[in-house]
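*Asks:* Here you go, one structure.
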Amino acid sequence: MSDRTEDPGGPGLIKALGRWDVLAVGFGAMIGFGWVVLVGGWLTDAGTLGAVLAFVAGGLVMTLVGLTYAELVSAMPRAGGEHQYALRGLGSRPAFVASWAIALGYISVVAFEAVALPQTVLYLAPDMLAGRLWTIAGYDVYATWALVGIAGAVLITALNYFGIRPASVAQTIAVAFLLAVGVVLLTGSFVGGEAANFEPWFSGGIAGFVGVLVATPFLFVGFDVIPQSAEEIDLPYRQVGKLLVVSVLMATAFYIVVVFSVSAALPRAELESAELAAADGMTALWNSPAMGTLLMLGGIAGILTSWNGFLIGASRLLYAMAESGMIPRWFAYLHPRYRTPTHALLFIGGLSVLAPLFGEQMLVWLVDAGGINIVVAFFLVALSFLALRRREPDMPRPFRTPAGPVVGWAAAALSLGLAVLYLPGMPAALVWPSEWLIVGIWWLVGLWFVLRLPKVAPGPDAEERLLEINKR
């Protein structure tokens, strides 16, 4: 097998992503808007050092999971990521479970950003609310507020509809701006930060630490968008694996910088009362409201990078599932000119158009409902990694993870441990009925598909056998 992607002139997806494009897609997908909204809660729940350690621990888990992905994407550089790995390593039905789980994770992030965008604009234009529509979970939904999210959903979907290249260029520009804002925030912590604000270093005990830790799957998911777009990457396979791991390390560093800088900016009393602590912290560090606005613009850049990255990933995943016959063939349609999975893009874009109509509380619901599905998919990918190491030891692996079995078992155990934290009675238990309703409806639809799916054993030709059975 060659260590380079195929000719970009083929009939399928276009190979147009270079080294920086790949890094921008992976890192940008991980750095959405959550850090702007949630950092105040992290610090009040766990304390400065408690929150930092939670991100170190979460980053370690994601790095271990990322190492399994890095090896698998270099060995199987095809659109679909988890779908391809689990199909070859575990068989058709586990592959569907992994794919369906991560699909909800991706779509929940896309919908999350459609709600986060108007919430960000509201900070910049507090008088924008007009045309009250209804109240959901105690929050009033306004027509102007919802319209901002709907317009953003239409714009991002259209950008992706017209090809991977314009989407990747927009991603690169937004990531560059986001990184610049991160540098300004970190610099401000040394210019205007107060050492006394770091206290308390720990708060909330184990529950506070765990409360931050369980948010990390949702905050770090995004590196796995790189495998989803593998067929559109024009790089040696070994480099793709390395870039995936680098993107995880970059995201870990970014989140720690945010926690450190905002903690230096504001005492705990102000953190607890701040609606958007990151923006208020930036204002305090530089003693300038304009700097708070700059950070909010960085938050908007984060929304766009995450939104764009996950729309790329989710659409390619649905495309791959449809190509294998797991879901209707309609999702596998490629635009004859732009070579994008337009039907999948329009479906996901349509769901994101609806999200703002449910109001601000949808932000929390989507984080939790998506988080548990994400870690389930990570667990199954780790099992696929271990199964392929045992069953196909001679499979070409341009990027080979050091101490593979140890990393694989650690990734599986830690992913399963995170998933348990979402169950009833645990610190991050899903809220009834809203969050369980989202998860339940998604899996009821999935159950209908999986029961119709032929049972195909794992192996290098698993997809060919599945397609053959479906034809018959």
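In the structure tokens, chains take letters A, B, ... by order of appearance, with residues numbered from 1 within each chain and ligands from 1 in the order shown.
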Sorted by chain and rising residue number, which residues of stretch 183-254 of chain A lie within 9 Å of stretch 428-446 of chain A, and what are their closest atom pairs and distances in Å to one decimal, counting only C-alpha atoms, as a tab-separated table?

*Replies:*
residue	atom	partner	partner_atom	distance
A:Val210	CA	A:Ala428	CA	8.1
A:Gly211	CA	A:Ala428	CA	6.6
A:Val214	CA	A:Ala428	CA	6.7
A:Ala215	CA	A:Ala428	CA	8.8

*Asks:* Could you tell me how far atom CA of A:Trp448 sits from atom CA of A:Leu466, in Å to one decimal place?

*Replies:*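 Rounded to one decimal, the two atoms are 17.5 Å apart.
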
*Asks:* Let me make sure I understand: among A:Val65, A:Ala158, A:Leu87, A:Val36, which one has the smallest atom-to-atom distance to A:Ile312 if we use only C-alpha atoms?

*Replies:*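 Among A:Val65, A:Ala158, A:Leu87, A:Val36, it is A:Ala158 that comes nearest to A:Ile312.
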
*Asks:* Go through stretch 60-86 of chain A and flag each residue having an atom no more than 10 Å from stretch 362-386 of chain A; for those, report the closest pair of atoms plus their distance in Å to one decimal, using only C-alpha atoms, ordered by chain and rising number, as a Markdown table.

*Replies:*
| residue | atom | partner | partner_atom | distance |
| --- | --- | --- | --- | --- |
| A:Met62 | CA | A:Phe378 | CA | 9.1 |
| A:Leu64 | CA | A:Ala382 | CA | 9.3 |
| A:Val65 | CA | A:Phe378 | CA | 6.7 |
| A:Gly66 | CA | A:Phe378 | CA | 9.2 |
| A:Leu67 | CA | A:Ala382 | CA | 9.5 |
| A:Thr68 | CA | A:Phe385 | CA | 6.2 |
| A:Tyr69 | CA | A:Val381 | CA | 7.5 |
| A:Glu71 | CA | A:Phe385 | CA | 8.2 |
| A:Leu72 | CA | A:Phe385 | CA | 7.0 |
| A:Gly81 | CA | A:Val381 | CA | 9.2 |
| A:Glu82 | CA | A:Val381 | CA | 6.2 |
| A:His83 | CA | A:Val381 | CA | 8.9 |
| A:Gln84 | CA | A:Ser384 | CA | 9.7 |
| A:Tyr85 | CA | A:Ser384 | CA | 6.1 |
| A:Ala86 | CA | A:Ser384 | CA | 5.3 |

*Asks:* Could you jot down the atom CA of A:Thr44 to atom CA of A:Thr293 separation for me, Å, one decimal place?

*Replies:*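 So the two atoms, atom CA of A:Thr44 and atom CA of A:Thr293, lie 23.3 Å apart.
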
*Asks:* For stretch 265-281 of chain A, work out the shell of residues within 7 Å, counting only C-alpha atoms and skipping chain neighbours fewer than 5 positions away, then give it as a VMD selection string.

*Replies:* chain A and resid 36 to 37 39 to 40 44 189 193 to 194 197 292 295 to 296

*Asks:* Pull C-alpha atoms from the residues just selected and write them as a PDB file, in the first residue's frame.

*Replies:*
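After the write, again-v2.pdb holds the following:
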ATOM      1  CA  VAL A  36     -16.601  31.096  26.665  1.00  0.00           C
ATOM      2  CA  VAL A  37     -19.814  29.947  28.353  1.00  0.00           C
ATOM      3  CA  VAL A  39     -15.186  28.509  32.191  1.00  0.00           C
ATOM      4  CA  GLY A  40     -16.760  30.400  35.098  1.00  0.00           C
ATOM      5  CA  THR A  44     -16.341  27.841  40.826  1.00  0.00           C
ATOM      6  CA  SER A 189      -3.089  37.299  32.578  1.00  0.00           C
ATOM      7  CA  GLY A 193      -3.954  39.317  36.473  1.00  0.00           C
ATOM      8  CA  GLU A 194      -3.949  39.031  40.263  1.00  0.00           C
ATOM      9  CA  ASN A 197      -7.631  35.464  42.340  1.00  0.00           C
ATOM     10  CA  GLY A 292     -14.001  41.784  26.054  1.00  0.00           C
ATOM     11  CA  LEU A 295     -12.748  37.788  23.084  1.00  0.00           C
ATOM     12  CA  MET A 296     -16.393  37.458  22.057  1.00  0.00           C
TER      13      MET A 296
END

*Asks:* Give me the residues near A:Asp140 as a PDB file with N, CA, C and O atoms, in the first residue's frame, where near means some atom within 10 Å (using only C-alpha atoms) and where sequence neighbours in that chain fewer than 4 positions away do not count.

*Replies:*
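Contents of out_17.pdb, as written:
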ATOM      1  N   LEU A 129     -33.136  41.578  21.533  1.00  0.00           N
ATOM      2  CA  LEU A 129     -34.293  40.712  21.750  1.00  0.00           C
ATOM      3  C   LEU A 129     -35.599  41.413  21.369  1.00  0.00           C
ATOM      4  O   LEU A 129     -35.910  42.499  21.869  1.00  0.00           O
ATOM      5  N   ARG A 132     -41.121  38.043  21.161  1.00  0.00           N
ATOM      6  CA  ARG A 132     -41.136  36.845  22.003  1.00  0.00           C
ATOM      7  C   ARG A 132     -42.021  35.776  21.385  1.00  0.00           C
ATOM      8  O   ARG A 132     -43.160  36.016  20.995  1.00  0.00           O
ATOM      9  N   LEU A 133     -41.485  34.552  21.289  1.00  0.00           N
ATOM     10  CA  LEU A 133     -42.201  33.440  20.672  1.00  0.00           C
ATOM     11  C   LEU A 133     -42.858  32.544  21.722  1.00  0.00           C
ATOM     12  O   LEU A 133     -44.049  32.291  21.687  1.00  0.00           O
ATOM     13  N   TRP A 134     -42.060  32.037  22.668  1.00  0.00           N
ATOM     14  CA  TRP A 134     -42.559  31.111  23.691  1.00  0.00           C
ATOM     15  C   TRP A 134     -41.504  30.954  24.788  1.00  0.00           C
ATOM     16  O   TRP A 134     -40.400  31.506  24.675  1.00  0.00           O
ATOM     17  N   THR A 135     -41.844  30.196  25.808  1.00  0.00           N
ATOM     18  CA  THR A 135     -40.921  29.940  26.918  1.00  0.00           C
ATOM     19  C   THR A 135     -40.664  28.435  27.005  1.00  0.00           C
ATOM     20  O   THR A 135     -41.606  27.634  26.993  1.00  0.00           O
ATOM     21  N   ILE A 136     -39.376  28.054  27.071  1.00  0.00           N
ATOM     22  CA  ILE A 136     -38.981  26.651  27.206  1.00  0.00           C
ATOM     23  C   ILE A 136     -37.997  26.537  28.361  1.00  0.00           C
ATOM     24  O   ILE A 136     -36.975  27.222  28.364  1.00  0.00           O
ATOM     25  N   PHE A 358     -35.532  26.144  20.370  1.00  0.00           N
ATOM     26  CA  PHE A 358     -35.723  25.562  21.696  1.00  0.00           C
ATOM     27  C   PHE A 358     -35.079  26.395  22.801  1.00  0.00           C
ATOM     28  O   PHE A 358     -35.148  26.020  23.971  1.00  0.00           O
ATOM     29  N   GLY A 359     -34.404  27.485  22.444  1.00  0.00           N
ATOM     30  CA  GLY A 359     -33.908  28.410  23.448  1.00  0.00           C
ATOM     31  C   GLY A 359     -32.563  28.069  24.041  1.00  0.00           C
ATOM     32  O   GLY A 359     -31.919  27.078  23.687  1.00  0.00           O
ATOM     33  N   GLU A 360     -32.149  28.899  24.996  1.00  0.00           N
ATOM     34  CA  GLU A 360     -30.804  28.827  25.585  1.00  0.00           C
ATOM     35  C   GLU A 360     -30.540  27.520  26.308  1.00  0.00           C
ATOM     36  O   GLU A 360     -29.416  27.008  26.308  1.00  0.00           O
ATOM     37  N   GLN A 361     -31.561  26.935  26.947  1.00  0.00           N
ATOM     38  CA  GLN A 361     -31.355  25.723  27.727  1.00  0.00           C
ATOM     39  C   GLN A 361     -30.904  24.556  26.859  1.00  0.00           C
ATOM     40  O   GLN A 361     -30.305  23.598  27.357  1.00  0.00           O
TER      41      GLN A 361
END

*Asks:* Can you check which residues of stretch 197-291 of chain A DSSP gives as helix (DSSP H, G or I) on the backbone and send them as a PyMOL selection string?

*Replies:* chain A and resi 197-198+205-213+216-220+225-228+230-232+237-265+268-273+277-286+289-291

*Asks:* Taking into account only C-alpha atoms, which residue in the set A:Tyr237, A:Phe209, A:Phe310, A:Phe55 is nearest to A:Gly105?

*Replies:*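 Ranked by minimum distance to A:Gly105, first place goes to A:Phe310.
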
*Asks:* Just checking: using only C-alpha atoms, which residue out of A:Pro289, A:Ala322, A:Ser247, A:Ser99 ends up closest to A:Val175?

*Replies:*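 Closest to A:Val175, using only C-alpha atoms: A:Ser247.
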